[in-house]
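Notes to accompany the following structure.
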Amino acid sequence: MLERLHDRIGKYWATDLFLHLYAMRKGSVTYLFHPLAPRCIMRLSDHLLTYEQTNNALPRLGRIAAVLIARAPAFNPQLSQTVSLIHPSLRKRAQEDERVVICGHDVFQDWRKEKVHLVKVANVLNRQYFDDETIGTAIAKSAISSVERLPCLSAPERAQ
Ligand SMILES: C[S@@+](CC[C@H](N)C(=O)[O-])C[C@H]1O[C@@H](n2cnc3c(N)ncnc32)[C@H](O)[C@@H]1O
């Protein structure tokens with residue numbers, strides 16, 4: 001979208017709830033830690049990717065995942081690296097073009113920056129994550145409600 005609109009935008013806000021997390025390596029396994037709470041949220045090895053969230057997992061796999069996550073080492077800031085959650089091409093674009101701004105934003109909080117003309121919601125307000133009432137709250141509260149006249153687009157849900 002940014003490429004298509006390139007010359008016609010005054011400002012482009014790229015937002016997400018969190019912009020980074022922390023990674024710690026132990027042997028051949030990498031553990032990813034939540035940016036606010038020092039808890040392991042993902043474990044990666046050459047053969048296995050394990051999430052802390054096991055909702056809808058097959059019960060046996062969910063239990064294995066819980067055991068693997070529980071065995072994660074304690075978070076140690078000195079041994080951890082910050083990992084950006086923003087795509088490198090977008091980060092590069094933001095460095096080169098001051099109209100492109102990356103910032104943290106919770107869609108359930110009021111949008112306090114300038115009004116926008118178009119909102120693209122990319123796979124966030126999705127019934128796999130939130131119920132209809134919660135999605136309604138996000139639509140009423142945030143940047144979406146600051147849109148004047150132009151429509152709000154929701155990207156097609158990828159996780160079906
Ligand atoms: C499936 S990912 C989609 C990521 C990206 N928009 C894309 O299309 O590749 C869902 C995203 O929703 C973000 N998210 C979850 N809760 C949020 C909230 N309350 N406010 C803003 N973003 C949120 C997560 O951080 C995550 O990046």
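Chain lettering (A, B, ...) mirrors the order of the structure tokens, residue numbering begins at 1 for each chain separately, and ligand numbering begins at 1 in order of display.
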
Discussion item. Give me, as a count of residues only, the set of residues whose atoms come within 12 Å of any atom of ligand 1, counting only C-alpha atoms and all ligand atoms.
Written reply: 51

Practice prompt. Would you please extract all strand (DSSP E or B) residues from segment 11-131 of chain A, as assigned by DSSP on the backbone, and give them as number ranges by chain?
Written response: A: 12-16, 20-26, 29-33, 40-44, 49-51, 81-84, 100-104, 119-121

Item to complete: Would you mind writing down, as number ranges by chain, each residue of segment 13-157 of chain A that DSSP on the backbone assigns to alpha helix (DSSP H)?
Response: A: 59-70, 88-96, 132-141

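Restricting the calculation to only C-alpha atoms, the smallest distance between Ser45 of chain A and any of A:Gly27, A:Pro73, A:Phe33, A:Leu61 is found for A:Gly27.
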
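When atom CA of Pro88 of chain A is paired with atom CA of Ile9 of chain A, their separation reads 20.7 Å.
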
Discussion item. Could you tell me how far atom CA of Asp46 of chain A sits from atom CA of Ser80 of chain A, in Å to one decimal place?
Written reply: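 Distance reported for this atom pair: 19.3 Å.
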